[in-house]
Structure formats: C-alpha cells, structure tokens
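So this one's my_file.txt, compact mmCIF, N, CA and C atoms:
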# COMPACT_ATOMS: atom_id res chain seq x y z
N MET A 131 -76.56 -4.98 -110.79
CA MET A 131 -76.71 -6.25 -111.46
C MET A 131 -76.46 -6.05 -112.94
N THR A 132 -75.69 -6.94 -113.52
CA THR A 132 -75.38 -6.83 -114.93
C THR A 132 -76.00 -7.98 -115.70
N GLN A 133 -76.30 -7.73 -116.94
CA GLN A 133 -76.84 -8.80 -117.79
C GLN A 133 -75.72 -9.56 -118.48
N TYR A 134 -74.50 -9.06 -118.35
CA TYR A 134 -73.37 -9.67 -119.02
C TYR A 134 -72.65 -10.65 -118.10
N THR A 135 -71.98 -11.61 -118.72
CA THR A 135 -71.18 -12.56 -117.97
C THR A 135 -69.83 -11.93 -117.68
N GLU A 136 -69.50 -11.82 -116.41
CA GLU A 136 -68.20 -11.29 -116.02
C GLU A 136 -67.28 -12.47 -115.74
N PRO A 137 -66.09 -12.48 -116.34
CA PRO A 137 -65.21 -13.62 -116.12
C PRO A 137 -64.76 -13.75 -114.67
N PHE A 138 -64.64 -12.64 -113.96
CA PHE A 138 -64.21 -12.71 -112.56
C PHE A 138 -65.21 -12.10 -111.61
N GLY A 139 -65.79 -11.01 -111.91
CA GLY A 139 -66.75 -10.37 -111.01
C GLY A 139 -66.12 -9.43 -110.03
N LEU A 140 -65.16 -8.62 -110.48
CA LEU A 140 -64.46 -7.68 -109.60
C LEU A 140 -65.42 -6.69 -108.95
N SER A 141 -66.44 -6.26 -109.66
CA SER A 141 -67.38 -5.30 -109.07
C SER A 141 -68.08 -5.90 -107.85
N ILE A 142 -68.34 -7.19 -107.88
CA ILE A 142 -68.97 -7.87 -106.73
C ILE A 142 -68.00 -7.88 -105.55
N ILE A 143 -66.75 -8.19 -105.79
CA ILE A 143 -65.73 -8.21 -104.72
C ILE A 143 -65.58 -6.82 -104.12
N GLU A 144 -65.55 -5.79 -104.97
CA GLU A 144 -65.42 -4.42 -104.47
C GLU A 144 -66.62 -4.03 -103.61
N ALA A 145 -67.81 -4.42 -104.03
CA ALA A 145 -69.00 -4.12 -103.23
C ALA A 145 -68.93 -4.81 -101.88
N MET A 146 -68.55 -6.08 -101.88
CA MET A 146 -68.47 -6.82 -100.62
C MET A 146 -67.40 -6.24 -99.71
N ALA A 147 -66.28 -5.79 -100.28
CA ALA A 147 -65.21 -5.18 -99.47
C ALA A 147 -65.72 -3.93 -98.76
N ALA A 148 -66.69 -3.27 -99.36
CA ALA A 148 -67.30 -2.09 -98.74
C ALA A 148 -68.47 -2.47 -97.82
N GLY A 149 -68.73 -3.76 -97.69
CA GLY A 149 -69.80 -4.21 -96.80
C GLY A 149 -71.16 -4.29 -97.45
N ALA A 150 -71.21 -4.16 -98.76
CA ALA A 150 -72.50 -4.16 -99.47
C ALA A 150 -72.78 -5.52 -100.10
N PRO A 151 -73.93 -6.10 -99.81
CA PRO A 151 -74.31 -7.34 -100.49
C PRO A 151 -74.65 -7.03 -101.96
N SER A 152 -74.63 -8.06 -102.80
CA SER A 152 -74.86 -7.85 -104.22
C SER A 152 -75.99 -8.72 -104.74
N ILE A 153 -76.58 -8.24 -105.80
CA ILE A 153 -77.62 -8.98 -106.52
C ILE A 153 -77.07 -9.22 -107.92
N THR A 154 -77.04 -10.46 -108.34
CA THR A 154 -76.44 -10.80 -109.63
C THR A 154 -77.16 -11.98 -110.26
N THR A 155 -76.86 -12.20 -111.52
CA THR A 155 -77.42 -13.35 -112.23
C THR A 155 -76.70 -14.63 -111.87
N GLY A 156 -75.48 -14.51 -111.38
CA GLY A 156 -74.67 -15.69 -111.06
C GLY A 156 -73.92 -16.22 -112.26
N LYS A 157 -73.99 -15.51 -113.38
CA LYS A 157 -73.28 -15.96 -114.58
C LYS A 157 -71.80 -15.61 -114.45
N GLY A 158 -70.97 -16.45 -115.00
CA GLY A 158 -69.54 -16.20 -114.98
C GLY A 158 -68.98 -16.22 -113.57
N GLY A 159 -68.01 -15.36 -113.34
CA GLY A 159 -67.32 -15.32 -112.05
C GLY A 159 -68.19 -14.88 -110.89
N THR A 160 -69.28 -14.16 -111.18
CA THR A 160 -70.13 -13.70 -110.08
C THR A 160 -70.77 -14.87 -109.35
N GLY A 161 -70.93 -15.99 -110.05
CA GLY A 161 -71.51 -17.17 -109.42
C GLY A 161 -70.59 -17.81 -108.39
N GLU A 162 -69.31 -17.50 -108.48
CA GLU A 162 -68.34 -18.07 -107.54
C GLU A 162 -68.13 -17.17 -106.33
N THR A 163 -68.47 -15.91 -106.44
CA THR A 163 -68.14 -14.97 -105.37
C THR A 163 -69.25 -14.79 -104.35
N ILE A 164 -70.48 -14.87 -104.78
CA ILE A 164 -71.62 -14.67 -103.87
C ILE A 164 -71.93 -15.95 -103.12
N ILE A 165 -72.23 -15.82 -101.85
CA ILE A 165 -72.80 -16.93 -101.08
C ILE A 165 -74.28 -16.60 -100.93
N GLN A 166 -75.11 -17.38 -101.58
CA GLN A 166 -76.56 -17.12 -101.64
C GLN A 166 -77.14 -16.93 -100.24
N ASN A 167 -77.90 -15.87 -100.06
CA ASN A 167 -78.59 -15.52 -98.81
C ASN A 167 -77.64 -15.15 -97.67
N LYS A 168 -76.35 -14.99 -97.97
CA LYS A 168 -75.40 -14.56 -96.94
C LYS A 168 -74.65 -13.29 -97.38
N THR A 169 -74.16 -13.28 -98.62
CA THR A 169 -73.45 -12.10 -99.12
C THR A 169 -74.16 -11.49 -100.33
N GLY A 170 -75.28 -12.06 -100.69
CA GLY A 170 -76.04 -11.53 -101.83
C GLY A 170 -77.04 -12.54 -102.34
N PHE A 171 -77.56 -12.24 -103.52
CA PHE A 171 -78.61 -13.07 -104.09
C PHE A 171 -78.40 -13.28 -105.59
N PHE A 172 -78.75 -14.46 -106.06
CA PHE A 172 -78.78 -14.76 -107.49
C PHE A 172 -80.22 -14.57 -107.97
N CYS A 173 -80.37 -13.87 -109.08
CA CYS A 173 -81.70 -13.58 -109.61
C CYS A 173 -81.77 -13.94 -111.08
N ASN A 174 -82.92 -14.46 -111.49
CA ASN A 174 -83.13 -14.83 -112.88
C ASN A 174 -84.12 -13.92 -113.60
N ASP A 175 -84.99 -13.26 -112.83
CA ASP A 175 -86.00 -12.42 -113.47
C ASP A 175 -86.37 -11.25 -112.55
N ALA A 176 -87.25 -10.39 -113.02
CA ALA A 176 -87.63 -9.19 -112.26
C ALA A 176 -88.23 -9.54 -110.90
N GLY A 177 -89.00 -10.59 -110.84
CA GLY A 177 -89.59 -11.00 -109.56
C GLY A 177 -88.53 -11.37 -108.54
N ASP A 178 -87.48 -12.07 -109.00
CA ASP A 178 -86.38 -12.42 -108.11
C ASP A 178 -85.68 -11.17 -107.59
N ILE A 179 -85.53 -10.18 -108.46
CA ILE A 179 -84.85 -8.94 -108.07
C ILE A 179 -85.65 -8.20 -107.00
N VAL A 180 -86.95 -8.12 -107.18
CA VAL A 180 -87.81 -7.45 -106.19
C VAL A 180 -87.69 -8.17 -104.84
N GLU A 181 -87.74 -9.49 -104.87
CA GLU A 181 -87.63 -10.27 -103.63
C GLU A 181 -86.26 -10.08 -102.99
N ALA A 182 -85.21 -10.04 -103.78
CA ALA A 182 -83.86 -9.84 -103.25
C ALA A 182 -83.73 -8.48 -102.57
N TYR A 183 -84.28 -7.44 -103.18
CA TYR A 183 -84.24 -6.10 -102.56
C TYR A 183 -84.95 -6.10 -101.22
N ARG A 184 -86.04 -6.84 -101.12
CA ARG A 184 -86.76 -6.93 -99.84
C ARG A 184 -85.93 -7.59 -98.76
N LYS A 185 -85.06 -8.51 -99.16
CA LYS A 185 -84.26 -9.27 -98.20
C LYS A 185 -82.90 -8.65 -97.89
N LEU A 186 -82.50 -7.62 -98.63
CA LEU A 186 -81.16 -7.05 -98.46
C LEU A 186 -80.83 -6.68 -97.02
N SER A 187 -81.79 -6.13 -96.31
CA SER A 187 -81.52 -5.68 -94.94
C SER A 187 -81.27 -6.84 -93.98
N SER A 188 -81.58 -8.06 -94.40
CA SER A 188 -81.33 -9.22 -93.53
C SER A 188 -79.89 -9.71 -93.60
N LEU A 189 -79.11 -9.19 -94.56
CA LEU A 189 -77.72 -9.62 -94.71
C LEU A 189 -76.80 -8.72 -93.91
N ARG A 190 -75.73 -9.31 -93.39
CA ARG A 190 -74.81 -8.56 -92.52
C ARG A 190 -73.60 -8.08 -93.32
N SER A 191 -73.25 -6.82 -93.14
CA SER A 191 -72.09 -6.25 -93.83
C SER A 191 -70.80 -7.00 -93.51
N ILE A 192 -70.66 -7.44 -92.27
CA ILE A 192 -69.43 -8.14 -91.88
C ILE A 192 -69.25 -9.43 -92.67
N ASP A 193 -70.34 -10.11 -93.02
CA ASP A 193 -70.23 -11.32 -93.83
C ASP A 193 -69.71 -11.00 -95.23
N CYS A 194 -70.15 -9.88 -95.76
CA CYS A 194 -69.68 -9.45 -97.07
C CYS A 194 -68.20 -9.09 -97.02
N ILE A 195 -67.81 -8.35 -96.00
CA ILE A 195 -66.41 -7.94 -95.85
C ILE A 195 -65.51 -9.17 -95.69
N ASN A 196 -65.93 -10.11 -94.87
CA ASN A 196 -65.14 -11.33 -94.68
C ASN A 196 -65.03 -12.14 -95.96
N ARG A 197 -66.09 -12.19 -96.74
CA ARG A 197 -66.04 -12.92 -98.01
C ARG A 197 -65.07 -12.23 -98.98
N ALA A 198 -65.06 -10.92 -99.01
CA ALA A 198 -64.14 -10.19 -99.89
C ALA A 198 -62.68 -10.48 -99.53
N LYS A 199 -62.43 -10.74 -98.26
CA LYS A 199 -61.07 -11.06 -97.82
C LYS A 199 -60.57 -12.38 -98.39
N ASP A 200 -61.47 -13.20 -98.91
CA ASP A 200 -61.06 -14.45 -99.57
C ASP A 200 -60.42 -14.19 -100.92
N TYR A 201 -60.48 -12.94 -101.39
CA TYR A 201 -59.99 -12.60 -102.72
C TYR A 201 -58.82 -11.63 -102.68
N THR A 202 -57.96 -11.75 -101.67
CA THR A 202 -56.75 -10.93 -101.64
C THR A 202 -55.76 -11.47 -102.67
N LEU A 203 -54.79 -10.66 -103.02
CA LEU A 203 -53.78 -11.08 -103.98
C LEU A 203 -53.06 -12.34 -103.50
N GLU A 204 -52.74 -12.36 -102.23
CA GLU A 204 -52.01 -13.51 -101.67
C GLU A 204 -52.84 -14.79 -101.77
N LYS A 205 -54.11 -14.71 -101.39
CA LYS A 205 -54.96 -15.91 -101.42
C LYS A 205 -55.25 -16.35 -102.85
N MET A 206 -55.45 -15.40 -103.75
CA MET A 206 -55.70 -15.75 -105.15
C MET A 206 -54.47 -16.43 -105.76
N ALA A 207 -53.28 -15.90 -105.46
CA ALA A 207 -52.05 -16.50 -105.98
C ALA A 207 -51.85 -17.90 -105.42
N GLN A 208 -52.13 -18.07 -104.14
CA GLN A 208 -51.99 -19.38 -103.51
C GLN A 208 -52.98 -20.38 -104.12
N ASN A 209 -54.22 -19.97 -104.30
CA ASN A 209 -55.23 -20.85 -104.88
C ASN A 209 -54.89 -21.21 -106.32
N THR A 210 -54.40 -20.24 -107.08
CA THR A 210 -54.03 -20.50 -108.47
C THR A 210 -52.86 -21.46 -108.53
N SER A 211 -51.88 -21.25 -107.67
CA SER A 211 -50.71 -22.12 -107.63
C SER A 211 -51.11 -23.54 -107.26
N THR A 212 -51.99 -23.69 -106.27
CA THR A 212 -52.46 -25.01 -105.85
C THR A 212 -53.22 -25.69 -106.99
N PHE A 213 -54.10 -24.95 -107.66
CA PHE A 213 -54.87 -25.51 -108.75
C PHE A 213 -53.95 -25.94 -109.89
N SER A 214 -52.97 -25.12 -110.23
CA SER A 214 -52.05 -25.45 -111.32
C SER A 214 -51.27 -26.70 -111.00
N HIS A 215 -50.85 -26.84 -109.74
CA HIS A 215 -50.09 -28.02 -109.33
C HIS A 215 -50.97 -29.27 -109.45
N ILE A 216 -52.20 -29.20 -108.97
CA ILE A 216 -53.11 -30.34 -109.05
C ILE A 216 -53.38 -30.69 -110.50
N LYS A 217 -53.64 -29.69 -111.31
CA LYS A 217 -53.96 -29.92 -112.72
C LYS A 217 -52.78 -30.54 -113.44
N SER A 218 -51.57 -30.03 -113.22
CA SER A 218 -50.42 -30.57 -113.93
C SER A 218 -50.09 -31.99 -113.49
N ASP A 219 -50.40 -32.34 -112.25
CA ASP A 219 -50.16 -33.69 -111.77
C ASP A 219 -51.17 -34.69 -112.30
N SER A 220 -52.34 -34.20 -112.70
CA SER A 220 -53.41 -35.13 -113.05
C SER A 220 -53.68 -35.23 -114.55
N CYS A 221 -52.87 -34.62 -115.37
CA CYS A 221 -53.09 -34.72 -116.81
C CYS A 221 -51.79 -35.00 -117.53
N LYS A 222 -51.93 -35.57 -118.71
CA LYS A 222 -50.76 -35.86 -119.53
C LYS A 222 -50.44 -34.63 -120.37
N LEU A 223 -49.19 -34.25 -120.36
CA LEU A 223 -48.76 -33.12 -121.16
C LEU A 223 -48.01 -33.64 -122.38
N LYS A 224 -48.33 -33.10 -123.53
CA LYS A 224 -47.65 -33.49 -124.76
C LYS A 224 -46.93 -32.27 -125.32
N ARG A 225 -45.81 -32.50 -125.94
CA ARG A 225 -45.09 -31.43 -126.60
C ARG A 225 -45.34 -31.53 -128.10
N TYR A 226 -45.57 -30.40 -128.71
CA TYR A 226 -45.79 -30.34 -130.15
C TYR A 226 -44.78 -29.40 -130.77
N LYS A 227 -44.33 -29.75 -131.97
CA LYS A 227 -43.43 -28.87 -132.71
C LYS A 227 -44.24 -27.75 -133.32
N PRO A 228 -43.67 -26.55 -133.40
CA PRO A 228 -44.39 -25.44 -134.02
C PRO A 228 -44.85 -25.82 -135.43
N GLY A 229 -46.07 -25.46 -135.76
CA GLY A 229 -46.62 -25.71 -137.09
C GLY A 229 -47.32 -27.05 -137.24
N THR A 230 -47.25 -27.90 -136.22
CA THR A 230 -47.94 -29.19 -136.32
C THR A 230 -49.39 -29.03 -135.87
N SER A 231 -50.23 -29.90 -136.35
CA SER A 231 -51.64 -29.87 -135.97
C SER A 231 -51.80 -30.50 -134.59
N ILE A 232 -52.63 -29.88 -133.77
CA ILE A 232 -52.90 -30.40 -132.43
C ILE A 232 -54.29 -31.01 -132.42
N ASP A 233 -54.35 -32.29 -132.13
CA ASP A 233 -55.62 -33.00 -132.08
C ASP A 233 -55.97 -33.21 -130.61
N PRO A 234 -56.98 -32.49 -130.09
CA PRO A 234 -57.31 -32.61 -128.66
C PRO A 234 -57.92 -33.95 -128.29
N THR A 235 -58.30 -34.77 -129.26
CA THR A 235 -58.91 -36.06 -128.94
C THR A 235 -57.89 -37.16 -128.79
N SER A 236 -56.64 -36.89 -129.17
CA SER A 236 -55.64 -37.95 -129.06
C SER A 236 -54.86 -37.86 -127.77
Let's see the structure in the file written out as structure tokens.
Amino acid sequence: MTQYTEPFGLSIIEAMAAGAPSITTGKGGTGETIIQNKTGFFCNDAGDIVEAYRKLSSLRSIDCINRAKDYTLEKMAQNTSTFSHIKSDSCKLKRYKPGTSIDPTS
C-alpha cells in the first residue's frame, strides 16, 4: 500500500496478474483497478488495513487474475480509442494561432 497517488496503478495490476489481491488507499489510478471485496480493499486508516489483512484469505486469486486481464495492451488501446472518439464527438474544438491567449471559459 502506498501513501502516494499513482496515476495508473501498475503495481496493483502486476499484483493481480500474479493472483494477489491488493490493499490500497484508492487514490489515483488504484481506485479504478480494484474491485472492493473482490480483488482487494480500499483503506483509509490503520484500522481498515488490519481488517483488510484479516479478509485477504476470502478473496480468490482467479478473480484477481481475471481483473488484470482487463488491462492488456489491446484492451487499453481499444478503451482509449473509444474514449477519444466519444470525447471528440461531444465537445467543440477550437483552433488557436501560436502565441495567442487561450481562454478556457469562452
């Protein structure tokens, strides 16, 4: 468990690929990778961590491995491509000349 916010949470994915559930704060990308009470636990304080360690044996390695498979290069590329397409279709794009001020409120 780290106290820092990880933008993606690769260490969590690597642990799950090995069949190991994870305990994390849920900050940053780690909040997107764990399925609470199935592939790991989110903890806010020492008491939560103690409780999570007690419950670790109730989680199945196969659930962790299957969750890690959601993060293959192919699936990540497909999800990113889909998100980019949706985002570009739903927002207005403006072109600016180099050196001009960009006002995000306009």
For this session: Show which residues sit within 8 Å of A:Ala182, as a PyMOL selection string. Count only N, CA and C atoms, and ignore same-chain residues fewer than 4 positions away.
Result: chain A and resi 153+170-173+176-178+186-187
Problem set entry | A:Cys194 surroundings by all atoms listed in the file, 8 Å radius, close-in-sequence under 2 positions cut, as a ChimeraX atom specification | /A:143,145-152,168-170,189-192,196-199
How big is the axis-aligned box, and where does its centre sit, when it encloses all atoms of stretch 165-184 of chain A listed in the file and has 4 Å added on every side, reported in Å to one decimal as AutoDock Vina command-line options?
--center_x -80.9 --center_y -11.7 --center_z -105.3 --size_x 25.4 --size_y 19.3 --size_z 24.7
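In this model, the gap between atom C of A:Thr155 and atom N of A:Asn174 comes to 6.2 Å.
Take atom CA of A:Thr135 and atom N of A:Lys157: the distance between them is 6.1 Å.
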For this session: Have a look at atom CA of A:Asn167 and atom CA of A:Asp193 and let me know their distance in Å, one decimal.
Result: 10.6 Å
Exercise. Counting all atoms listed in the file, which residues come within 6 Å of (-65.5, -19.3, -113.6), with the point read in the file's coordinates, and could you list them as a list of chain:residue names?
Worked result: A:Pro137, A:Gly158, A:Gly159
Save the residues we just selected, N, CA and C atoms, as a PDB file, keeping the file's coordinate frame?
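The resulting file, again_2.pdb, is shown below:
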ATOM      1  N   PRO A 137     -66.090 -12.480-116.340  1.00  0.00           N
ATOM      2  CA  PRO A 137     -65.210 -13.620-116.120  1.00  0.00           C
ATOM      3  C   PRO A 137     -64.760 -13.750-114.670  1.00  0.00           C
ATOM      4  N   GLY A 158     -70.970 -16.450-115.000  1.00  0.00           N
ATOM      5  CA  GLY A 158     -69.540 -16.200-114.980  1.00  0.00           C
ATOM      6  C   GLY A 158     -68.980 -16.220-113.570  1.00  0.00           C
ATOM      7  N   GLY A 159     -68.010 -15.360-113.340  1.00  0.00           N
ATOM      8  CA  GLY A 159     -67.320 -15.320-112.050  1.00  0.00           C
ATOM      9  C   GLY A 159     -68.190 -14.880-110.890  1.00  0.00           C
TER      10      GLY A 159
END
Exercise. Using only N, CA and C atoms, which residue out of A:Ile179, A:Ile142, A:Lys185, A:Glu136 lies closest to A:Ile164?
Worked result: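 Using only N, CA and C atoms, the shortest distance to A:Ile164 belongs to A:Ile142.
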